[in-house]
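As stored in work33.cif (mmCIF, C-alpha atoms):
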```
data_my_file
#
loop_
_atom_site.label_atom_id
_atom_site.label_comp_id
_atom_site.auth_asym_id
_atom_site.auth_seq_id
_atom_site.Cartn_x
_atom_site.Cartn_y
_atom_site.Cartn_z
CA MET V 1 21.50 -12.97 20.39
CA SER V 2 21.99 -10.15 17.89
CA THR V 3 19.96 -7.28 16.49
CA ILE V 4 20.15 -5.94 12.94
CA SER V 5 19.36 -2.39 11.89
CA LEU V 6 18.95 -1.17 8.31
CA SER V 7 18.84 2.61 8.05
CA HIS V 8 17.86 4.28 4.74
CA ILE V 9 19.53 1.57 2.64
CA SER V 10 19.66 2.10 -1.14
CA LYS V 11 21.33 0.21 -3.97
CA GLU V 12 22.22 1.76 -7.32
CA TYR V 13 24.10 0.03 -10.11
CA LYS V 14 26.48 1.71 -12.55
CA LYS V 15 23.85 2.47 -15.19
CA GLY V 16 21.70 4.30 -12.65
CA THR V 17 19.31 1.43 -11.95
CA ARG V 18 18.12 1.58 -8.34
CA THR V 19 16.90 -1.76 -7.03
CA VAL V 20 16.47 -0.81 -3.36
CA GLU V 21 15.29 2.65 -2.31
CA ASP V 22 15.52 4.26 1.16
CA PHE V 23 14.84 1.01 3.04
CA SER V 24 14.76 1.05 6.85
CA LEU V 25 14.00 -1.90 9.15
CA GLU V 26 14.75 -3.05 12.69
CA ILE V 27 15.21 -6.79 13.28
CA GLY V 28 15.14 -7.83 16.92
CA GLU V 29 16.60 -10.86 18.66
CA HIS V 30 15.35 -14.25 17.45
CA GLU V 31 12.88 -13.11 14.80
CA PHE V 32 11.89 -15.02 11.66
CA VAL V 33 11.76 -12.18 9.16
CA VAL V 34 10.43 -12.94 5.69
CA LEU V 35 11.11 -10.52 2.84
CA VAL V 36 8.32 -11.04 0.32
CA GLY V 37 7.32 -9.38 -2.92
CA PRO V 38 7.06 -9.95 -6.67
CA SER V 39 10.07 -10.89 -8.78
CA GLY V 40 12.43 -7.94 -9.22
CA CYS V 41 11.24 -6.06 -6.12
CA GLY V 42 14.76 -5.94 -4.60
CA LYS V 43 14.38 -8.50 -1.81
CA SER V 44 17.33 -10.71 -2.86
CA THR V 45 19.51 -7.65 -3.44
CA LEU V 46 18.70 -6.45 0.07
CA LEU V 47 19.59 -9.86 1.52
CA ARG V 48 22.90 -9.87 -0.38
CA MET V 49 23.72 -6.40 0.99
CA ILE V 50 23.13 -7.69 4.53
CA ALA V 51 25.40 -10.65 3.75
CA GLY V 52 28.12 -8.41 2.32
CA LEU V 53 27.85 -9.88 -1.18
CA GLU V 54 26.64 -6.53 -2.61
CA GLU V 55 27.92 -3.07 -1.72
CA ILE V 56 25.54 -0.62 -0.08
CA THR V 57 25.20 2.55 -2.14
CA GLU V 58 23.54 4.67 0.55
CA GLY V 59 22.52 4.14 4.17
CA GLU V 60 23.89 2.13 7.07
CA LEU V 61 23.76 -1.50 8.14
CA TRP V 62 24.35 -2.24 11.82
CA ILE V 63 24.64 -5.64 13.50
CA ASP V 64 24.48 -5.16 17.24
CA ASP V 65 26.41 -1.91 17.72
CA ARG V 66 28.85 -2.34 14.86
CA LEU V 67 28.62 -0.66 11.45
CA MET V 68 28.86 -3.32 8.73
CA ASN V 69 29.03 -1.30 5.49
CA SER V 70 32.74 -1.80 4.84
CA LEU V 71 33.20 -5.09 6.70
CA PRO V 72 33.93 -8.08 4.41
CA SER V 73 31.27 -10.78 4.14
CA GLY V 74 33.41 -13.38 5.92
CA ASP V 75 33.80 -11.17 9.00
CA ARG V 76 30.09 -10.52 9.58
CA LYS V 77 29.38 -13.89 11.25
CA LEU V 78 26.35 -14.56 9.07
CA ALA V 79 25.39 -17.89 7.48
CA MET V 80 23.61 -18.06 4.13
CA VAL V 81 21.53 -20.65 2.28
CA PHE V 82 21.24 -20.15 -1.48
CA GLN V 83 18.44 -21.10 -3.86
CA ASN V 84 20.62 -23.50 -5.88
CA TYR V 85 21.94 -25.49 -2.85
CA ALA V 86 25.65 -24.64 -3.58
CA LEU V 87 26.93 -28.09 -2.61
CA TYR V 88 30.35 -29.53 -3.49
CA PRO V 89 29.63 -32.50 -5.80
CA ASN V 90 32.81 -34.40 -4.88
CA MET V 91 32.19 -34.20 -1.12
CA THR V 92 30.01 -36.36 1.10
CA VAL V 93 27.06 -34.96 3.02
CA ARG V 94 29.19 -34.86 6.18
CA LYS V 95 32.00 -32.99 4.42
CA ASN V 96 29.58 -30.49 2.82
CA ILE V 97 28.04 -29.67 6.21
CA SER V 98 31.39 -29.41 8.02
CA PHE V 99 33.30 -27.54 5.30
CA GLY V 100 32.59 -24.03 6.60
CA LEU V 101 33.35 -25.01 10.20
CA GLU V 102 36.82 -26.26 9.29
CA SER V 103 37.95 -22.70 8.52
CA GLU V 104 36.07 -21.10 11.43
CA ARG V 105 38.06 -19.72 14.39
CA ASP V 106 37.14 -19.47 18.04
CA ALA V 107 37.44 -16.34 20.22
CA ASN V 108 41.19 -16.96 20.60
CA GLY V 109 41.75 -17.22 16.86
CA LYS V 110 42.26 -20.99 16.95
CA LYS V 111 40.61 -23.55 14.68
CA LEU V 112 37.73 -25.48 16.18
CA PRO V 113 38.63 -28.94 17.58
CA ARG V 114 37.61 -31.83 15.34
CA THR V 115 35.48 -33.31 18.13
CA GLN V 116 33.49 -30.07 18.38
CA ILE V 117 33.02 -29.95 14.60
CA ARG V 118 31.79 -33.54 14.57
CA GLN V 119 29.35 -32.87 17.43
CA ARG V 120 27.88 -29.84 15.66
CA VAL V 121 27.56 -31.71 12.35
CA ASP V 122 25.94 -34.73 13.99
CA ARG V 123 23.48 -32.51 15.87
CA ALA V 124 22.51 -30.65 12.68
CA ALA V 125 22.17 -33.92 10.74
CA ASP V 126 19.92 -35.36 13.43
CA MET V 127 17.71 -32.24 13.41
CA LEU V 128 17.37 -32.36 9.61
CA GLY V 129 16.91 -36.12 9.23
CA LEU V 130 20.24 -36.62 7.45
CA SER V 131 21.96 -39.03 9.85
CA GLU V 132 21.53 -42.02 7.49
CA LEU V 133 22.85 -40.08 4.48
CA MET V 134 26.16 -38.75 5.79
CA ASP V 135 28.35 -40.80 3.45
CA ARG V 136 26.41 -40.05 0.28
CA ARG V 137 27.36 -37.47 -2.34
CA PRO V 138 24.97 -34.82 -3.73
CA SER V 139 24.33 -36.82 -6.93
CA GLN V 140 22.79 -39.56 -4.76
CA LEU V 141 20.33 -37.20 -3.03
CA SER V 142 16.83 -35.97 -3.85
CA GLY V 143 16.09 -32.27 -4.17
CA GLY V 144 14.68 -32.10 -0.65
CA GLN V 145 17.70 -33.88 0.78
CA LYS V 146 20.08 -31.52 -1.03
CA GLN V 147 18.24 -28.56 0.44
CA ARG V 148 18.51 -30.06 3.93
CA VAL V 149 22.27 -30.42 3.46
CA ALA V 150 22.52 -26.77 2.36
CA ILE V 151 20.56 -25.69 5.43
CA GLY V 152 22.71 -27.94 7.62
CA SER V 153 25.92 -26.31 6.37
CA ALA V 154 24.50 -22.97 7.55
CA ILE V 155 23.05 -23.89 10.93
CA VAL V 156 26.21 -25.63 12.18
CA ARG V 157 27.87 -22.24 12.26
CA ASP V 158 27.64 -19.98 15.31
CA ALA V 159 26.08 -17.15 13.31
CA LYS V 160 24.56 -13.82 14.33
CA ALA V 161 21.78 -14.45 11.77
CA TYR V 162 20.84 -17.03 9.15
CA LEU V 163 20.06 -15.69 5.67
CA MET V 164 18.01 -17.80 3.25
CA ASP V 165 17.43 -16.78 -0.38
CA GLU V 166 14.36 -18.61 -1.75
CA PRO V 167 15.65 -21.98 -0.47
CA LEU V 168 12.47 -23.90 -1.34
CA SER V 169 11.73 -22.54 -4.81
CA ASN V 170 13.30 -25.50 -6.64
CA LEU V 171 11.21 -28.07 -4.76
CA ASP V 172 7.83 -29.48 -5.77
CA ALA V 173 4.69 -28.46 -3.86
CA LYS V 174 4.67 -31.46 -1.49
CA LEU V 175 8.34 -31.05 -0.58
CA ARG V 176 7.90 -27.31 -0.05
CA MET V 177 5.12 -27.97 2.44
CA GLN V 178 7.25 -30.55 4.28
CA MET V 179 10.25 -28.22 4.36
CA ARG V 180 8.16 -25.34 5.69
CA VAL V 181 7.28 -27.53 8.68
CA GLU V 182 10.94 -28.50 9.12
CA LEU V 183 12.05 -24.86 8.98
CA GLN V 184 9.53 -23.88 11.65
CA LYS V 185 10.84 -26.63 13.93
CA LEU V 186 14.43 -25.65 13.15
CA TYR V 187 13.83 -21.97 13.94
CA ARG V 188 12.69 -22.84 17.46
CA THR V 189 16.07 -24.49 18.13
CA LEU V 190 18.19 -21.61 16.81
CA SER V 191 19.40 -18.78 19.02
CA ALA V 192 19.61 -16.21 16.21
CA SER V 193 17.25 -14.53 13.77
CA VAL V 194 16.41 -15.88 10.33
CA ILE V 195 16.04 -13.53 7.35
CA TYR V 196 14.25 -15.37 4.58
CA VAL V 197 13.50 -14.26 1.00
CA THR V 198 10.55 -15.59 -1.00
CA HIS V 199 8.06 -14.50 -3.65
CA ASP V 200 5.52 -16.96 -2.23
CA GLN V 201 3.17 -15.20 0.16
CA VAL V 202 1.93 -18.56 1.54
CA GLU V 203 5.51 -19.26 2.72
CA ALA V 204 5.62 -15.78 4.21
CA MET V 205 2.38 -16.22 6.15
CA THR V 206 3.26 -19.68 7.50
CA LEU V 207 6.91 -19.10 8.45
CA ALA V 208 7.30 -15.51 9.59
CA THR V 209 7.10 -13.81 12.94
CA LYS V 210 7.54 -10.60 10.93
CA ILE V 211 6.63 -10.14 7.26
CA VAL V 212 8.31 -7.39 5.24
CA VAL V 213 6.44 -6.64 2.00
CA MET V 214 8.49 -5.01 -0.77
CA ASN V 215 7.61 -3.59 -4.19
CA GLN V 216 9.82 -1.74 -6.67
CA GLY V 217 12.67 -1.64 -4.17
CA MET V 218 10.64 0.03 -1.44
CA LEU V 219 9.24 -1.13 1.87
CA GLN V 220 5.46 -1.32 1.69
CA GLN V 221 4.70 -2.69 5.17
CA ALA V 222 6.35 -4.63 7.99
CA GLY V 223 4.44 -6.45 10.71
CA SER V 224 3.20 -9.78 12.02
CA PRO V 225 1.38 -12.08 9.57
CA GLU V 226 -1.90 -11.27 11.32
CA GLU V 227 -1.32 -7.52 11.03
CA ILE V 228 -0.33 -7.69 7.36
CA TYR V 229 -3.39 -9.79 6.54
CA GLU V 230 -5.96 -7.97 8.69
CA ARG V 231 -4.62 -4.41 8.31
CA PRO V 232 -2.85 -4.01 4.94
CA ARG V 233 -1.29 -0.56 4.75
CA ASN V 234 -2.09 0.01 1.09
CA LEU V 235 -3.67 -1.50 -2.01
CA PHE V 236 -0.48 -3.29 -3.06
CA VAL V 237 -0.21 -5.19 0.23
CA ALA V 238 -3.95 -5.90 0.21
CA GLY V 239 -3.77 -7.42 -3.26
CA PHE V 240 -0.50 -9.28 -2.78
CA ILE V 241 -1.03 -10.95 0.61
CA GLY V 242 -3.83 -13.49 0.69
CA SER V 243 -4.68 -16.58 -1.33
CA PRO V 244 -7.00 -16.12 -3.08
CA ARG V 245 -6.35 -12.41 -3.27
CA MET V 246 -8.61 -9.71 -1.82
CA ASN V 247 -11.58 -8.62 -3.97
CA LEU V 248 -11.30 -4.92 -4.89
CA LEU V 249 -14.24 -2.78 -6.08
CA LYS V 250 -14.56 0.96 -6.68
CA VAL V 251 -17.05 2.79 -4.44
CA HIS V 252 -18.19 6.35 -3.68
CA THR V 253 -19.14 7.53 -0.18
CA VAL V 254 -22.63 9.01 0.21
CA LEU V 255 -24.48 10.16 3.36
CA GLU V 256 -27.81 8.34 3.75
CA GLY V 257 -29.91 8.44 6.91
CA GLY V 258 -27.06 10.03 8.86
CA ARG V 259 -24.67 7.21 7.94
CA ILE V 260 -22.04 6.78 5.24
CA CYS V 261 -23.01 4.36 2.49
CA LEU V 262 -20.62 2.82 -0.01
CA HIS V 263 -22.18 3.19 -3.44
CA GLY V 264 -20.91 0.98 -6.22
CA ALA V 265 -22.32 -0.44 -9.42
CA GLY V 266 -25.52 -2.17 -8.37
CA PHE V 267 -24.99 -1.97 -4.60
CA ALA V 268 -25.07 0.44 -1.64
CA ILE V 269 -23.56 -0.92 1.58
CA PRO V 270 -24.01 1.09 4.83
CA LEU V 271 -21.05 1.28 7.19
CA ALA V 272 -21.33 0.42 10.87
CA ASP V 273 -22.22 3.44 13.02
CA HIS V 274 -18.79 3.77 14.68
CA ALA V 275 -16.93 3.49 11.38
CA SER V 276 -19.31 5.93 9.69
CA LYS V 277 -18.82 8.60 12.37
CA ALA V 278 -15.04 8.26 12.24
CA MET V 279 -15.05 8.44 8.43
CA LEU V 280 -17.10 11.63 8.60
CA ARG V 281 -14.67 13.16 11.12
CA ASN V 282 -11.82 12.40 8.73
CA GLY V 283 -13.53 14.03 5.75
CA TYR V 284 -14.30 10.89 3.74
CA LEU V 285 -17.72 12.03 2.52
CA ASP V 286 -18.31 12.28 -1.24
CA GLU V 287 -14.98 10.52 -1.89
CA ASP V 288 -13.90 7.92 -4.42
CA LEU V 289 -12.48 4.89 -2.59
CA VAL V 290 -11.63 1.25 -3.25
CA MET V 291 -13.48 -1.36 -1.20
CA GLY V 292 -11.59 -4.54 -0.35
CA VAL V 293 -13.30 -7.76 0.74
CA ARG V 294 -11.50 -11.02 1.53
CA PRO V 295 -13.00 -14.13 -0.16
CA GLU V 296 -13.93 -15.60 3.25
CA ASP V 297 -15.94 -12.43 4.02
CA LEU V 298 -18.36 -13.07 1.16
CA SER V 299 -21.24 -15.49 1.73
CA LEU V 300 -24.37 -16.83 0.04
CA SER V 301 -26.76 -15.35 2.61
CA GLY V 302 -27.05 -12.04 4.39
CA ARG V 303 -28.91 -8.75 4.59
CA PRO V 304 -30.26 -7.31 1.30
CA GLU V 305 -28.33 -4.05 1.75
CA GLU V 306 -25.03 -5.99 1.81
CA ALA V 307 -25.56 -7.83 -1.49
CA LEU V 308 -23.24 -7.70 -4.50
CA PRO V 309 -24.52 -8.75 -7.95
CA PHE V 310 -22.49 -11.84 -8.90
CA SER V 311 -22.19 -13.75 -12.15
CA PHE V 312 -20.86 -17.27 -11.49
CA GLU V 313 -18.17 -18.79 -13.74
CA LEU V 314 -16.28 -21.58 -11.95
CA SER V 315 -16.25 -23.57 -8.71
CA GLU V 316 -13.25 -25.29 -7.07
CA ASN V 317 -13.93 -27.90 -4.42
CA LEU V 318 -10.96 -27.93 -2.00
CA GLY V 319 -12.37 -30.31 0.58
CA ALA V 320 -12.95 -28.15 3.66
CA HIS V 321 -14.22 -25.27 1.54
CA ARG V 322 -15.19 -24.31 -1.98
CA LEU V 323 -14.00 -21.34 -4.05
CA LEU V 324 -16.54 -19.61 -6.26
CA TYR V 325 -15.05 -17.62 -9.14
CA GLY V 326 -17.02 -15.09 -11.13
CA VAL V 327 -17.41 -11.42 -11.96
CA HIS V 328 -19.36 -8.44 -10.74
CA GLU V 329 -22.49 -8.52 -12.87
CA LYS V 330 -22.34 -4.78 -13.68
CA THR V 331 -18.61 -4.07 -14.05
CA ALA V 332 -17.07 -7.49 -14.90
CA GLU V 333 -14.58 -7.05 -12.04
CA THR V 334 -13.34 -10.42 -10.73
CA LEU V 335 -14.95 -11.73 -7.54
CA ILE V 336 -13.85 -14.78 -5.52
CA ALA V 337 -15.77 -16.19 -2.55
CA ARG V 338 -14.66 -18.92 -0.11
CA ILE V 339 -17.69 -20.95 0.94
CA PRO V 340 -17.72 -23.71 3.61
CA GLU V 341 -18.06 -27.19 2.12
CA GLY V 342 -21.61 -28.49 2.44
CA GLU V 343 -23.24 -25.09 1.98
CA SER V 344 -25.76 -25.19 -0.85
CA VAL V 345 -24.71 -23.20 -3.94
CA PRO V 346 -27.48 -21.87 -6.24
CA ASN V 347 -27.82 -23.85 -9.46
CA PHE V 348 -27.95 -20.87 -11.77
CA ARG V 349 -25.51 -18.34 -13.20
CA SER V 350 -26.48 -15.08 -11.48
CA TYR V 351 -27.09 -14.67 -7.75
CA PRO V 352 -25.99 -12.25 -5.01
CA LEU V 353 -22.97 -12.56 -2.75
CA TYR V 354 -23.28 -10.91 0.65
CA VAL V 355 -20.56 -8.78 2.22
CA GLN V 356 -19.79 -8.80 5.94
CA ALA V 357 -19.91 -5.02 6.37
CA ASP V 358 -17.85 -5.11 9.58
CA ARG V 359 -15.01 -6.83 7.64
CA ILE V 360 -14.72 -4.32 4.78
CA HIS V 361 -11.39 -2.63 3.97
CA LEU V 362 -11.32 0.82 2.37
CA PHE V 363 -8.46 2.52 0.53
CA GLU V 364 -8.02 5.94 -1.05
CA GLU V 365 -8.33 5.55 -4.80
CA SER V 366 -5.82 8.35 -5.44
CA THR V 367 -3.01 7.23 -3.10
CA GLY V 368 -3.85 3.58 -2.41
CA MET V 369 -3.43 4.14 1.33
CA ALA V 370 -5.73 2.35 3.78
CA VAL V 371 -8.62 4.27 5.30
CA LEU V 372 -10.65 1.62 7.14
CA HIS V 373 -10.27 -1.98 8.31
CA GLY V 374 -13.61 -3.41 9.46
CA THR V 375 -14.85 -0.90 12.01
CA ASP V 376 -11.36 0.46 12.71
CA VAL V 377 -10.52 3.75 11.00
CA CYS V 378 -6.81 3.97 10.19
CA ARG V 379 -6.21 7.68 10.66
CA GLU V 380 -8.32 9.36 13.30
CA GLU V 381 -8.13 13.12 13.48
CA THR V 382 -6.17 14.46 16.45
CA ALA V 383 -7.38 17.36 18.52
#
```
File written out as structure tokens:
Amino acid sequence: MSTISLSHISKEYKKGTRTVEDFSLEIGEHEFVVLVGPSGCGKSTLLRMIAGLEEITEGELWIDDRLMNSLPSGDRKLAMVFQNYALYPNMTVRKNISFGLESERDANGKKLPRTQIRQRVDRAADMLGLSELMDRRPSQLSGGQKQRVAIGSAIVRDAKAYLMDEPLSNLDAKLRMQMRVELQKLYRTLSASVIYVTHDQVEAMTLATKIVVMNQGMLQQAGSPEEIYERPRNLFVAGFIGSPRMNLLKVHTVLEGGRICLHGAGFAIPLADHASKAMLRNGYLDEDLVMGVRPEDLSLSGRPEEALPFSFELSENLGAHRLLYGVHEKTAETLIARIPEGESVPNFRSYPLYVQADRIHLFEESTGMAVLHGTDVCREETA
């Protein structure tokens, strides 16, 4: 198994446009790393630099203990799956999967035996459910089948890592869901890491062992799906990861009864004692902050001091739960609540939503950096 190290990687094009800026990341053995971010954030460019399809302007790329910057793409022992399948239309499924293997060499510089190639292709086809389609050509395949062939042509290779650039984006919603399941199963059988690019944060959350959030060419946060969701490092990550997105409201910290209270338009929510003391130690009294609340942390019942004034606009029934869409009654800021199915919803336009105070996230308004997650203060003072 191989490790990959990116150290202060940057990419600048001739006209001075920088698409990746000072990016550093360590990828361990057998990780499923998902690069996620909005369109144009630099994630595909970064993947192409790892693959050797784009030159690195600044920084170093290491695979195991070997510097890769000047090594040609074909010598890096990486396999790549592209968004547009990249299949040969005149070749059968079997030939498309085996094509890369036919030019591959073993440790002695010899071509692989045909029996070994056939065994690898058959094994990949069996894993991907393609065994009955081996004699067909791409024009005779569905979109999902074409994508399986593209993935098969990558996984038959003995690669140090498998790179995938938005491989599911051309599929419909049902096929994407099916392929996500297939990719998770496939990953468990591989002996190398997968580096996967997507703009879909649902794909990121369901596939990754490590999510890497990017914006404007820069690393915003890297961590497990649970860490990214529960402890977003800044406002961008908080707003980008999560479906529906996190609710964000401006607040001001005030000391009331020896405890910090979050004052906003029409509400004043007291923090838990532990969180309040830590916030005071870190100097967050009389400060403008942004309060973040996940939709599942809003409810229709609770303590009066944890109520937000809510003006209802729309309800979506999703079976196991219902989404309530509306606005803050005072500021018109969007609010979304996820309510368990079967819970009674008031039959009028305006009613309160209640915040779980021990699930609140706080961010500095000036920098966007996280201050508090639930009762856990992000930056305790050191003695």
Which residues, named as in the file, does the PyMOL selection byres ((chain V and resi 209) around 12) pick out? Answer as a compact mmCIF listing (two decimals) with C-alpha atoms, in the frame of the given file.
```txt
# COMPACT_ATOMS: atom_id res chain seq x y z
CA ILE V 27 15.21 -6.79 13.28
CA GLY V 28 15.14 -7.83 16.92
CA GLU V 29 16.60 -10.86 18.66
CA HIS V 30 15.35 -14.25 17.45
CA GLU V 31 12.88 -13.11 14.80
CA PHE V 32 11.89 -15.02 11.66
CA VAL V 33 11.76 -12.18 9.16
CA VAL V 34 10.43 -12.94 5.69
CA LEU V 35 11.11 -10.52 2.84
CA GLN V 184 9.53 -23.88 11.65
CA TYR V 187 13.83 -21.97 13.94
CA ARG V 188 12.69 -22.84 17.46
CA SER V 193 17.25 -14.53 13.77
CA VAL V 194 16.41 -15.88 10.33
CA ILE V 195 16.04 -13.53 7.35
CA TYR V 196 14.25 -15.37 4.58
CA GLU V 203 5.51 -19.26 2.72
CA ALA V 204 5.62 -15.78 4.21
CA MET V 205 2.38 -16.22 6.15
CA THR V 206 3.26 -19.68 7.50
CA LEU V 207 6.91 -19.10 8.45
CA ALA V 208 7.30 -15.51 9.59
CA LYS V 210 7.54 -10.60 10.93
CA ILE V 211 6.63 -10.14 7.26
CA VAL V 212 8.31 -7.39 5.24
CA ALA V 222 6.35 -4.63 7.99
CA GLY V 223 4.44 -6.45 10.71
CA SER V 224 3.20 -9.78 12.02
CA PRO V 225 1.38 -12.08 9.57
CA GLU V 226 -1.90 -11.27 11.32
CA GLU V 227 -1.32 -7.52 11.03
CA ILE V 228 -0.33 -7.69 7.36
```
Using the chain letters and numbering of this document, enumerate as a PDB file with C-alpha atoms, in the frame of the given file the residues selected by the PyMOL selection byres ((chain V and resi 301-318) around 8).
```
ATOM      1  CA  GLY V 266     -25.520  -2.170  -8.370  1.00  0.00           C
ATOM      2  CA  PHE V 267     -24.990  -1.970  -4.600  1.00  0.00           C
ATOM      3  CA  ALA V 268     -25.070   0.440  -1.640  1.00  0.00           C
ATOM      4  CA  ILE V 269     -23.560  -0.920   1.580  1.00  0.00           C
ATOM      5  CA  PRO V 270     -24.010   1.090   4.830  1.00  0.00           C
ATOM      6  CA  SER V 299     -21.240 -15.490   1.730  1.00  0.00           C
ATOM      7  CA  LEU V 300     -24.370 -16.830   0.040  1.00  0.00           C
ATOM      8  CA  GLY V 319     -12.370 -30.310   0.580  1.00  0.00           C
ATOM      9  CA  ALA V 320     -12.950 -28.150   3.660  1.00  0.00           C
ATOM     10  CA  HIS V 321     -14.220 -25.270   1.540  1.00  0.00           C
ATOM     11  CA  ARG V 322     -15.190 -24.310  -1.980  1.00  0.00           C
ATOM     12  CA  LEU V 323     -14.000 -21.340  -4.050  1.00  0.00           C
ATOM     13  CA  LEU V 324     -16.540 -19.610  -6.260  1.00  0.00           C
ATOM     14  CA  TYR V 325     -15.050 -17.620  -9.140  1.00  0.00           C
ATOM     15  CA  GLY V 326     -17.020 -15.090 -11.130  1.00  0.00           C
ATOM     16  CA  VAL V 327     -17.410 -11.420 -11.960  1.00  0.00           C
ATOM     17  CA  HIS V 328     -19.360  -8.440 -10.740  1.00  0.00           C
ATOM     18  CA  GLU V 329     -22.490  -8.520 -12.870  1.00  0.00           C
ATOM     19  CA  LYS V 330     -22.340  -4.780 -13.680  1.00  0.00           C
ATOM     20  CA  LEU V 335     -14.950 -11.730  -7.540  1.00  0.00           C
ATOM     21  CA  GLU V 341     -18.060 -27.190   2.120  1.00  0.00           C
ATOM     22  CA  PHE V 348     -27.950 -20.870 -11.770  1.00  0.00           C
ATOM     23  CA  ARG V 349     -25.510 -18.340 -13.200  1.00  0.00           C
ATOM     24  CA  SER V 350     -26.480 -15.080 -11.480  1.00  0.00           C
ATOM     25  CA  TYR V 351     -27.090 -14.670  -7.750  1.00  0.00           C
ATOM     26  CA  PRO V 352     -25.990 -12.250  -5.010  1.00  0.00           C
ATOM     27  CA  LEU V 353     -22.970 -12.560  -2.750  1.00  0.00           C
ATOM     28  CA  TYR V 354     -23.280 -10.910   0.650  1.00  0.00           C
ATOM     29  CA  VAL V 355     -20.560  -8.780   2.220  1.00  0.00           C
ATOM     30  CA  GLN V 356     -19.790  -8.800   5.940  1.00  0.00           C
ATOM     31  CA  ALA V 357     -19.910  -5.020   6.370  1.00  0.00           C
TER      32      ALA V 357
END
```
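Put simply, the PyMOL selection byres ((chain V and resi 252) around 7) in this file takes in Val251, Thr253, Val254, Leu262, His263, Gly264, Asp286, Glu287, Asp288 and Leu289 of chain V.
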Gap from CA of Phe363 (chain V) to CA of Val290 (chain V) - Å, one decimal
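So the answer is 5.1 Å.
Comparing V:Ile97, V:Val377, V:Leu298, V:Arg48 by their smallest distance to Asp135 (chain V), the closest is V:Ile97 (using only C-alpha atoms).
Distance check against Met218 (chain V) using all atoms listed in the file: of V:Asp376, V:Glu12, V:Glu58, V:Asp22, the minimum falls on V:Asp22.
For the set V:Tyr162, V:Phe240, V:Tyr229, V:Tyr13, the residue with the smallest atom-to-atom gap to Ile50 (chain V) is V:Tyr162, counting only C-alpha atoms.
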CA of Ala265 (chain V) to CA of Lys250 (chain V) measures 8.3 Å
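In this model, the gap between CA of Ile4 (chain V) and CA of Ile155 (chain V) comes to 18.3 Å.
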Counting all atoms listed in the file, which residues come within 12 Å of (19.1, -18.8, 5.5), with the point read in the file's coordinates, and could you list them as a PyMOL selection string?
chain V and resi 32-35+44+47-48+50-51+78-83+85+147-148+150-157+159-168+183+186-187+190+192-198
Write the selection just made, keeping C-alpha atoms, as an mmCIF file, keeping the file's coordinate frame?
```
data_model
loop_
_atom_site.group_PDB
_atom_site.id
_atom_site.type_symbol
_atom_site.label_atom_id
_atom_site.label_comp_id
_atom_site.auth_asym_id
_atom_site.auth_seq_id
_atom_site.Cartn_x
_atom_site.Cartn_y
_atom_site.Cartn_z
ATOM 1 C CA PHE V 32 11.890 -15.020 11.660
ATOM 2 C CA VAL V 33 11.760 -12.180 9.160
ATOM 3 C CA VAL V 34 10.430 -12.940 5.690
ATOM 4 C CA LEU V 35 11.110 -10.520 2.840
ATOM 5 C CA SER V 44 17.330 -10.710 -2.860
ATOM 6 C CA LEU V 47 19.590 -9.860 1.520
ATOM 7 C CA ARG V 48 22.900 -9.870 -0.380
ATOM 8 C CA ILE V 50 23.130 -7.690 4.530
ATOM 9 C CA ALA V 51 25.400 -10.650 3.750
ATOM 10 C CA LEU V 78 26.350 -14.560 9.070
ATOM 11 C CA ALA V 79 25.390 -17.890 7.480
ATOM 12 C CA MET V 80 23.610 -18.060 4.130
ATOM 13 C CA VAL V 81 21.530 -20.650 2.280
ATOM 14 C CA PHE V 82 21.240 -20.150 -1.480
ATOM 15 C CA GLN V 83 18.440 -21.100 -3.860
ATOM 16 C CA TYR V 85 21.940 -25.490 -2.850
ATOM 17 C CA GLN V 147 18.240 -28.560 0.440
ATOM 18 C CA ARG V 148 18.510 -30.060 3.930
ATOM 19 C CA ALA V 150 22.520 -26.770 2.360
ATOM 20 C CA ILE V 151 20.560 -25.690 5.430
ATOM 21 C CA GLY V 152 22.710 -27.940 7.620
ATOM 22 C CA SER V 153 25.920 -26.310 6.370
ATOM 23 C CA ALA V 154 24.500 -22.970 7.550
ATOM 24 C CA ILE V 155 23.050 -23.890 10.930
ATOM 25 C CA VAL V 156 26.210 -25.630 12.180
ATOM 26 C CA ARG V 157 27.870 -22.240 12.260
ATOM 27 C CA ALA V 159 26.080 -17.150 13.310
ATOM 28 C CA LYS V 160 24.560 -13.820 14.330
ATOM 29 C CA ALA V 161 21.780 -14.450 11.770
ATOM 30 C CA TYR V 162 20.840 -17.030 9.150
ATOM 31 C CA LEU V 163 20.060 -15.690 5.670
ATOM 32 C CA MET V 164 18.010 -17.800 3.250
ATOM 33 C CA ASP V 165 17.430 -16.780 -0.380
ATOM 34 C CA GLU V 166 14.360 -18.610 -1.750
ATOM 35 C CA PRO V 167 15.650 -21.980 -0.470
ATOM 36 C CA LEU V 168 12.470 -23.900 -1.340
ATOM 37 C CA LEU V 183 12.050 -24.860 8.980
ATOM 38 C CA LEU V 186 14.430 -25.650 13.150
ATOM 39 C CA TYR V 187 13.830 -21.970 13.940
ATOM 40 C CA LEU V 190 18.190 -21.610 16.810
ATOM 41 C CA ALA V 192 19.610 -16.210 16.210
ATOM 42 C CA SER V 193 17.250 -14.530 13.770
ATOM 43 C CA VAL V 194 16.410 -15.880 10.330
ATOM 44 C CA ILE V 195 16.040 -13.530 7.350
ATOM 45 C CA TYR V 196 14.250 -15.370 4.580
ATOM 46 C CA VAL V 197 13.500 -14.260 1.000
ATOM 47 C CA THR V 198 10.550 -15.590 -1.000
#
```
Closest to Asp200 (chain V) among V:Pro38, V:Gly143, V:Pro244, V:Gly374, using all atoms listed in the file?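 So, comparing all the options, the nearest one is V:Pro38.
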